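A.B. asks: The structure is given below, and queries will be raised subsequently.
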Amino acid sequence: MTAVEEVPLSAAGNPIGFGSMKRVEDQRFVRGQGNYVDDVNLPGMLHSAILRSPFAHARIVSIDTSAAEALPGVVAVITGKILEGIPRPSLLGDNFAWMPTLSYDTQAVLATDKVRFQGQEVAFVIAENRYIAKDALELIDVEYEPLEPVMDAKRAMAPDAPVIRDDKGQTDNSITDVHGHKTWESGNAIGTAEAIAKAEADPNCVVVSEDIMYPRVHPAPMETCGSVAYLDKVTGQLTLYTTSQAPHAHRTVYAMVAGLPEQKIRVISPDIGGGFGNKVGVYPGYVLSIVGSIVTGKPVKWMEDRSENLMSTSFARDYHMSGKIAATKDGKIIAVDVDVLADHGAFNGVAQPTNFPAGFFHIFSGSYDYEFAHCKVTPVYTNKAPGGVAYACSFRITEAAYFIERMVDCLAQELDMDPAELRLKNLIKPEQFPYTSPTGWEYDSGQYEKTMRVAMEIAGYDELRREQAEKRARGEYMGIGISFFTEGVGAGPRKTMDILGLGMADGIELRVHPTGKAVLRISVQSQGQGHETTYAQIVAHELGIPPEDIDVVHGDTDQTPFGLGTYGSRSTPVSGAAAAVVSRKVKDRARIVAAAALECSPDDLEWELGRWYVKGDKERGKTIQEIALLSHSSLELPEGVEGQLDATAVYNPPNLTYPYGCYICVVDVDPGTGQVKVRRFIAVDDCGVRINPMIVEGQVHGGLADGIGMALMEVIAFDNDGNCLGGSFMDYLLPTAIECPDWELGETVTPSPHHPIGAKGVGESATVGSPAAVVNAVIDAISPFGVRHADMPLTPANVWRAIQGRPVRVDMAVE
Amino acid sequence: MEVTISINGTPVTRDIEPRMLLVHFVREEAGLRGTHWGCDTSNCGTCTLWVDDTPVKSCTMLAAQADGHAVTTVEGLEKGGELDPVQKGFIECHGLQCGFCTPGMLMTGRWLLDNNPKPSEEEIREAISGQICRCTGYKNIVKSIQWAAENPAAVDQVESEVNA
């Protein structure tokens, strides 16, 4: 581990390596000079708007666009019928009305036969400005024949439920993955069932069952989704500015969707105003802006408004989890089983690796050492918006972590045991790493108990429990919640992980100019993570070039090598590793050049930060900057050495990395109103080596706020008629500075043994770990009322109902 | 209709539709894209700018209503090539990540300090409570505004430094 104080500073005062360097990006952002997609204006650019379905499930009888077309300023109106008429030279469907999802399903670009969720795309208007485009939507006359909407995953399973995907010839609402499976299982089914049955029969054991729902939520980045497309008909070049967390993967999808040659497609993700998974998927709006440019010959901008963002783009969660946990009466966990009903909405638009249709949910066994675990996930179609990758989930690990951490607390309550003591009794021990989990993951490293003790010390855990006891005696309801989570991030090894057949390895390119300044071209895309800063720090750490001398290029497929993008906390584990590897290639090349210049063998040289020197003669050496110039010079190099220092690499991770942490939340609950006040939140993360501690802490802060939001206020609910009840920020509540406490952070550092710099990634840790801590705290507070579980969001009304013993479905207006 | 709005001291006169929102006037007509458009319902506050020195959510005000008034946007904070202390504070204290809410937060932060040069943490949280940030969890935004309060006369360019 590199201690921050040991890192030398550059002339500009930046750490030549790891440390809390101020962000390069901030200079433009604080001046209002960020360049987001809606800031892109091309000459002659047209604007657009999408007509969306008011119904969740209805047959389209007719669409009359004549009045809209007649409106002055309208350039074109496109419907699904028109798209059907545009042939597509593609393996993935024969026309433009449908497009592939990232999960080998199909999704309507514009509805032709039926609408399948409220807010689905029905028609596309291109006009001179966005006001006229919106006016034209009012003039489109669509006749619908309403059908029964299926708004509940349980209803979707019923034999008499309306069939949503009749377009695929389905006779029910099941979802079949690319391997032909309708359910996805992991772990030891028989062993787990037997262990639980044995525990049930054993008076020295307990088995606790609980139904736990993780309701549908939305990532809701501050910037909505949008794109500007321009197809130059002369050159055949398509340029697409777009809100994409994965520009290269999108380019390939567009090549498939549009049938355009991939070398003619340039995807540019400029500054992205937050992603959190919302900008992983390919949305009909993006495709429509491309179609719009093809039709009009001009650049076309599509920018959704907030309601469109909340109602139609990728949601998250919607997992109904029925769990069982078996343990001995002295608190040793024996087995965990969980049956999941997964609501995927109208199209299977999740972006999980192909072989992992339920993502990495099977990491649900958590941070504890026991032998038997099993999960079964059954996905269904409903008349809700498609998607399902999103919201800082590390591929469904958020659901998994929430599930196991709630189950452990339910067990603690059943055993009347302190939840901290129960966790400490079961945590995987340091000497057990690398640890093979009951569902087959190989956790790379961890010092779980140490991390938990640090969190308990910051919290003053024992004192908190004393305070709670005193308050309870006075009739005050304070709660303390703990969550201990383990993530698997950095997808992933090419051998087992791909999306749409694209292996999840990432390319990188490092150029070192003759003057010793460098340009690093990366495949991943920042949505606020600060890649322009941290990637320069990685190269600085490896090569000793000051970070201010290194420019990081990202977000333009013409300027950067292929990679799968930024989601699932994969930037640092995959592309960050690539940055170290490519720097080491440059360093090796520099050694050969230095040896030639110093007239010695490369083996005679030793490295110190930024310089190769002759062993035993430290004065005789060359700096990396000198070597860069020499590499371009007439210096004679050994045969086979081409000169220059530039290098490329593709990093194929050998395993995931496993960041983890312990969170403790303290709440006060007013039992009269159900109001929850988060008083304190302690977060101790171990994400391995920290490249920029300031940025790591910022990432954690943001994720903790996410956790407060999901636990206490966020939900995309529906009524039985199919109306989305979370379609604006007046209905979909997000935490403000008032609801968020002054986060208290701590850290332990356990490097990943297989990552070149020992880093594990941290982007989603806090979002994964924090909801359970908040919910556990609230349930702890109201447990004197006999409450063992209540589903998120724990709004005042839902807490009050739980206290009254009358919980209701939080995701449905009517049960 | 013709409106004239002084934006950051420069009068901008345009013939516009009466229904045009102020945020669109500033972005599309005046070409100042630091002010962002986020929610349409006055909830997110990324469109916050000043009308006559008072923070306003410009997605729910008509440009026509600002006719004859003075608007200040994030682009107007920097004076003579010198960043405002609030801007410096956001850099110093990592008060931003994706940068999308930042212009609105900066405008509120500057306004708060103009009216309350030494605000408490609670007062800062209250002041920004009408604005949403999805990245920072607010802690560092609060610290950034506190930094600006403590460094009102800071004139030096922000220098990168290492916080151990």
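Identifiers in the structure tokens: chain A, B, ... in order shown; residue index from 1 per chain; ligand index from 1 in order shown.
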Residues of chain B that approach chain A to 7 Å or less, counting only C-alpha atoms: could you list each one with the shortest pair of atoms and its distance in Å to one decimal, rows by chain and increasing residue number, as JSON lines?
C.D. replies:
```
{"residue": "B:Arg33", "atom": "CA", "partner": "A:Asp39", "partner_atom": "CA", "distance": 6.2}
{"residue": "B:Gly34", "atom": "CA", "partner": "A:Gly32", "partner_atom": "CA", "distance": 3.8}
{"residue": "B:Gly38", "atom": "CA", "partner": "A:Met222", "partner_atom": "CA", "distance": 6.0}
{"residue": "B:Cys39", "atom": "CA", "partner": "A:Arg306", "partner_atom": "CA", "distance": 4.9}
{"residue": "B:Asn43", "atom": "CA", "partner": "A:Phe729", "partner_atom": "CA", "distance": 6.0}
{"residue": "B:Val74", "atom": "CA", "partner": "A:Gly32", "partner_atom": "CA", "distance": 5.9}
{"residue": "B:Glu75", "atom": "CA", "partner": "A:Arg31", "partner_atom": "CA", "distance": 5.9}
{"residue": "B:Gln87", "atom": "CA", "partner": "A:Val30", "partner_atom": "CA", "distance": 5.6}
{"residue": "B:Ile91", "atom": "CA", "partner": "A:Asp26", "partner_atom": "CA", "distance": 6.0}
{"residue": "B:Glu92", "atom": "CA", "partner": "A:Lys22", "partner_atom": "CA", "distance": 6.7}
{"residue": "B:Gln97", "atom": "CA", "partner": "A:Gly528", "partner_atom": "CA", "distance": 4.4}
{"residue": "B:Cys98", "atom": "CA", "partner": "A:Gly528", "partner_atom": "CA", "distance": 3.5}
{"residue": "B:Gly99", "atom": "CA", "partner": "A:Phe29", "partner_atom": "CA", "distance": 5.4}
{"residue": "B:Phe100", "atom": "CA", "partner": "A:Gly273", "partner_atom": "CA", "distance": 5.1}
{"residue": "B:Cys101", "atom": "CA", "partner": "A:Met222", "partner_atom": "CA", "distance": 6.9}
{"residue": "B:Thr102", "atom": "CA", "partner": "A:Val30", "partner_atom": "CA", "distance": 6.7}
{"residue": "B:Pro103", "atom": "CA", "partner": "A:Gly32", "partner_atom": "CA", "distance": 6.1}
{"residue": "B:Arg125", "atom": "CA", "partner": "A:Ala737", "partner_atom": "CA", "distance": 5.2}
{"residue": "B:Glu126", "atom": "CA", "partner": "A:Ile738", "partner_atom": "CA", "distance": 6.7}
{"residue": "B:Ile128", "atom": "CA", "partner": "A:Ala737", "partner_atom": "CA", "distance": 6.8}
{"residue": "B:Ser129", "atom": "CA", "partner": "A:Ala737", "partner_atom": "CA", "distance": 5.5}
{"residue": "B:Ile132", "atom": "CA", "partner": "A:Thr736", "partner_atom": "CA", "distance": 5.8}
{"residue": "B:Arg134", "atom": "CA", "partner": "A:Pro221", "partner_atom": "CA", "distance": 6.4}
{"residue": "B:Cys135", "atom": "CA", "partner": "A:Gly702", "partner_atom": "CA", "distance": 4.6}
{"residue": "B:Thr136", "atom": "CA", "partner": "A:Gly702", "partner_atom": "CA", "distance": 4.3}
{"residue": "B:Gly137", "atom": "CA", "partner": "A:Gly702", "partner_atom": "CA", "distance": 4.2}
{"residue": "B:Tyr138", "atom": "CA", "partner": "A:Ala737", "partner_atom": "CA", "distance": 5.6}
{"residue": "B:Lys139", "atom": "CA", "partner": "A:Asp742", "partner_atom": "CA", "distance": 6.1}
{"residue": "B:Ser160", "atom": "CA", "partner": "A:Lys22", "partner_atom": "CA", "distance": 5.4}
{"residue": "B:Glu161", "atom": "CA", "partner": "A:Gly13", "partner_atom": "CA", "distance": 5.6}
{"residue": "B:Val162", "atom": "CA", "partner": "A:Ser20", "partner_atom": "CA", "distance": 5.2}
{"residue": "B:Asn163", "atom": "CA", "partner": "A:Ser20", "partner_atom": "CA", "distance": 5.5}
{"residue": "B:Ala164", "atom": "CA", "partner": "A:Val4", "partner_atom": "CA", "distance": 5.9}
```
A.B. asks: Kindly export the residues of the current selection with N, CA and C atoms, as a compact mmCIF listing (two decimals), in the first residue's frame.
C.D. replies:
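Ended up saving to part.txt:
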```txt
# COMPACT_ATOMS: atom_id res chain seq x y z
N ARG B 33 -24.87 27.83 -21.86
CA ARG B 33 -25.33 26.47 -21.56
C ARG B 33 -24.88 25.96 -20.20
N GLY B 34 -24.37 26.84 -19.37
CA GLY B 34 -24.03 26.44 -18.00
C GLY B 34 -25.27 26.18 -17.16
N GLY B 38 -33.46 20.19 -15.90
CA GLY B 38 -33.45 18.89 -15.24
C GLY B 38 -34.79 18.22 -15.00
N CYS B 39 -35.84 18.98 -14.68
CA CYS B 39 -37.05 18.27 -14.26
C CYS B 39 -38.38 18.89 -14.67
N ASN B 43 -38.36 20.87 -8.96
CA ASN B 43 -37.90 20.02 -7.87
C ASN B 43 -36.39 19.87 -7.81
N VAL B 74 -24.28 31.08 -13.98
CA VAL B 74 -22.98 30.58 -13.52
C VAL B 74 -21.83 31.22 -14.29
N GLU B 75 -22.09 31.53 -15.55
CA GLU B 75 -21.03 32.14 -16.36
C GLU B 75 -20.67 33.54 -15.84
N GLN B 87 -16.85 28.91 -6.33
CA GLN B 87 -16.32 28.02 -7.38
C GLN B 87 -15.04 27.34 -6.91
N ILE B 91 -14.04 23.14 -6.02
CA ILE B 91 -12.85 22.41 -6.47
C ILE B 91 -12.06 21.89 -5.27
N GLU B 92 -11.87 22.76 -4.28
CA GLU B 92 -11.07 22.40 -3.11
C GLU B 92 -11.66 21.23 -2.34
N GLN B 97 -19.28 16.06 -8.85
CA GLN B 97 -18.79 14.88 -9.57
C GLN B 97 -19.16 14.98 -11.04
N CYS B 98 -20.43 14.74 -11.36
CA CYS B 98 -20.79 14.82 -12.79
C CYS B 98 -20.90 16.27 -13.25
N GLY B 99 -21.11 17.18 -12.33
CA GLY B 99 -21.11 18.60 -12.66
C GLY B 99 -22.45 19.15 -13.12
N PHE B 100 -23.47 18.31 -13.20
CA PHE B 100 -24.72 18.76 -13.81
C PHE B 100 -25.51 19.68 -12.87
N CYS B 101 -25.54 19.36 -11.58
CA CYS B 101 -26.27 20.21 -10.63
C CYS B 101 -25.43 21.40 -10.20
N THR B 102 -24.13 21.35 -10.50
CA THR B 102 -23.17 22.29 -9.95
C THR B 102 -23.50 23.76 -10.21
N PRO B 103 -23.84 24.15 -11.45
CA PRO B 103 -24.13 25.58 -11.67
C PRO B 103 -25.24 26.10 -10.75
N ARG B 125 -27.49 23.60 4.54
CA ARG B 125 -28.34 22.50 4.10
C ARG B 125 -29.74 22.99 3.74
N GLU B 126 -30.25 23.88 4.55
CA GLU B 126 -31.57 24.45 4.27
C GLU B 126 -31.54 25.21 2.93
N ILE B 128 -29.73 24.82 0.28
CA ILE B 128 -29.63 23.99 -0.93
C ILE B 128 -30.69 22.89 -0.96
N SER B 129 -31.63 22.92 -0.04
CA SER B 129 -32.57 21.81 0.07
C SER B 129 -33.58 21.77 -1.07
N ILE B 132 -31.32 19.15 -6.03
CA ILE B 132 -30.95 17.74 -5.89
C ILE B 132 -29.58 17.51 -6.52
N ARG B 134 -27.26 14.01 -7.25
CA ARG B 134 -27.32 12.55 -7.19
C ARG B 134 -25.94 11.94 -6.94
N CYS B 135 -24.88 12.76 -7.00
CA CYS B 135 -23.53 12.20 -6.92
C CYS B 135 -22.89 12.34 -5.54
N THR B 136 -23.03 13.49 -4.91
CA THR B 136 -22.13 13.82 -3.80
C THR B 136 -22.67 13.49 -2.42
N GLY B 137 -23.99 13.21 -2.31
CA GLY B 137 -24.54 13.02 -0.97
C GLY B 137 -24.48 14.28 -0.13
N TYR B 138 -24.22 15.39 -0.78
CA TYR B 138 -24.30 16.76 -0.23
C TYR B 138 -23.18 17.15 0.74
N LYS B 139 -22.55 16.20 1.38
CA LYS B 139 -21.58 16.56 2.43
C LYS B 139 -20.52 17.53 1.89
N SER B 160 -3.70 22.80 -6.92
CA SER B 160 -3.90 21.42 -6.52
C SER B 160 -3.03 21.14 -5.31
N GLU B 161 -3.55 20.37 -4.42
CA GLU B 161 -2.75 20.02 -3.26
C GLU B 161 -3.17 18.65 -2.77
N VAL B 162 -2.35 18.12 -1.93
CA VAL B 162 -2.61 16.77 -1.44
C VAL B 162 -3.19 16.86 -0.04
N ASN B 163 -4.33 16.29 0.11
CA ASN B 163 -4.88 16.14 1.46
C ASN B 163 -4.60 14.73 1.91
N ALA B 164 -3.75 14.61 2.86
CA ALA B 164 -3.40 13.27 3.32
C ALA B 164 -4.60 12.63 4.00
```
A.B. asks: So that I can check the secondary structure, give me every residue of segment 54-170 of chain A assigned strand (DSSP E) by backbone DSSP, as a VMD selection string.
C.D. replies: chain A and resid 58 to 64 74 to 79 98 to 100 106 to 108 114 to 115 121 to 127 141 to 146
A.B. asks: For Lys450 of chain A, list every protein, DNA or RNA residue within 10 Å, evaluated using only C-alpha atoms, and leave out those in the same chain fewer than 2 positions away; present the list as a list in words.
C.D. replies: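 Within the cut-off, the hits are Leu424, Lys429, Pro430, Gly446, Gln447, Tyr448, Met452, Arg453, Val454, Ala455, Met456, Cys662 and Thr748 of chain A.
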A.B. asks: Counting only C-alpha atoms, which residue out of B:Val71, B:Val26, B:Leu113, B:Met105 sits closest to Phe90 of chain B?
C.D. replies: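 Counting only C-alpha atoms, the residue closest to Phe90 of chain B is B:Met105.
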A.B. asks: Residues at most 6 Å from segment 54-66 of chain B, counting only C-alpha atoms, excluding those fewer than 4 positions away in the same chain, as a PyMOL selection string?
C.D. replies: chain B and resi 20-23+40+45+47-50
A.B. asks: To one decimal place in Å, what is the distance between atom CA of Leu42 of chain A and atom CA of Val257 of chain A?
C.D. replies: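 Separation of atom CA of Leu42 of chain A and atom CA of Val257 of chain A: 23.9 Å.
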A.B. asks: Write out as a list in words the residues lying within 9 Å of Met151 of chain A, counting only C-alpha atoms and excluding same-chain residues fewer than 4 positions away.
C.D. replies: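 Contacts, with the query itself left out: Ala56, Arg155, Ala156, Gly345, Thr382, Asn383, Lys384, Phe718, Asp719, Asn720, Asp721, Gly722 and Met812 of chain A.
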A.B. asks: Would you save the residues from that selection as an mmCIF file, in the first residue's frame, using C-alpha atoms?
C.D. replies:
```cif
data_model
loop_
_atom_site.group_PDB
_atom_site.id
_atom_site.type_symbol
_atom_site.label_atom_id
_atom_site.label_comp_id
_atom_site.auth_asym_id
_atom_site.auth_seq_id
_atom_site.Cartn_x
_atom_site.Cartn_y
_atom_site.Cartn_z
ATOM 1 C CA ALA A 56 -49.974 0.142 -20.124
ATOM 2 C CA ARG A 155 -50.399 -11.921 -11.599
ATOM 3 C CA ALA A 156 -48.152 -12.371 -14.634
ATOM 4 C CA GLY A 345 -41.204 -5.232 -17.527
ATOM 5 C CA THR A 382 -45.252 -7.351 -17.022
ATOM 6 C CA ASN A 383 -46.746 -4.196 -18.503
ATOM 7 C CA LYS A 384 -44.059 -1.991 -16.993
ATOM 8 C CA PHE A 718 -48.195 1.548 -10.272
ATOM 9 C CA ASP A 719 -51.925 1.355 -9.914
ATOM 10 C CA ASN A 720 -53.945 -1.555 -11.234
ATOM 11 C CA ASP A 721 -54.848 0.368 -14.380
ATOM 12 C CA GLY A 722 -51.178 0.507 -15.249
ATOM 13 C CA MET A 812 -48.991 -1.055 -5.861
#
```
A.B. asks: Write out as an MDAnalysis selection string the residues lying within 8 Å of Gly479 of chain A, counting only C-alpha atoms and excluding same-chain residues fewer than 5 positions away.
C.D. replies: chainID A and resid 468 666:669 776:782
A.B. asks: Store the residues picked out above in a file with C-alpha atoms, as a CSV table (one decimal), in the first residue's frame.
C.D. replies:
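Result file follows (result_20.csv):
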```csv
chain,number,residue,atom,x,y,z
A,468,GLN,CA,-31.2,2.9,22.9
A,666,VAL,CA,-28.6,5.3,13.6
A,667,VAL,CA,-32.2,6.5,13.2
A,668,ASP,CA,-34.9,8.0,15.4
A,669,VAL,CA,-38.5,7.0,14.6
A,776,ASN,CA,-32.3,-2.6,9.7
A,777,ALA,CA,-32.1,0.5,11.8
A,778,VAL,CA,-35.7,1.4,11.3
A,779,ILE,CA,-36.9,-2.2,12.0
A,780,ASP,CA,-34.6,-2.2,15.1
A,781,ALA,CA,-36.3,1.0,16.2
A,782,ILE,CA,-39.9,-0.3,15.8
```
A.B. asks: As an MDAnalysis selection string, please: the residues near Leu147 of chain A (cut-off 8 Å, only C-alpha atoms, same-chain neighbours under 6 positions excluded).
C.D. replies: chainID A and resid 57:59
A.B. asks: Let's see if you can do this: from backbone DSSP, list all helix (DSSP H, G or I) residues in segment 17-158 of chain B, as a PyMOL selection string.
C.D. replies: chain B and resi 22-29+58-60+63-66+74-76+85-92+102-115+121-127+139-150
A.B. asks: Just the number, please: distance in Å from atom CA of Tyr214 of chain A to atom CA of Tyr663 of chain A, one decimal.
C.D. replies: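 Between atom CA of Tyr214 of chain A and atom CA of Tyr663 of chain A the gap works out to 19.0 Å.
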A.B. asks: What's the separation between atom CA of Glu185 of chain A and atom CA of Thr378 of chain A, in Å to one decimal place?
C.D. replies: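 So the two atoms, atom CA of Glu185 of chain A and atom CA of Thr378 of chain A, lie 8.9 Å apart.
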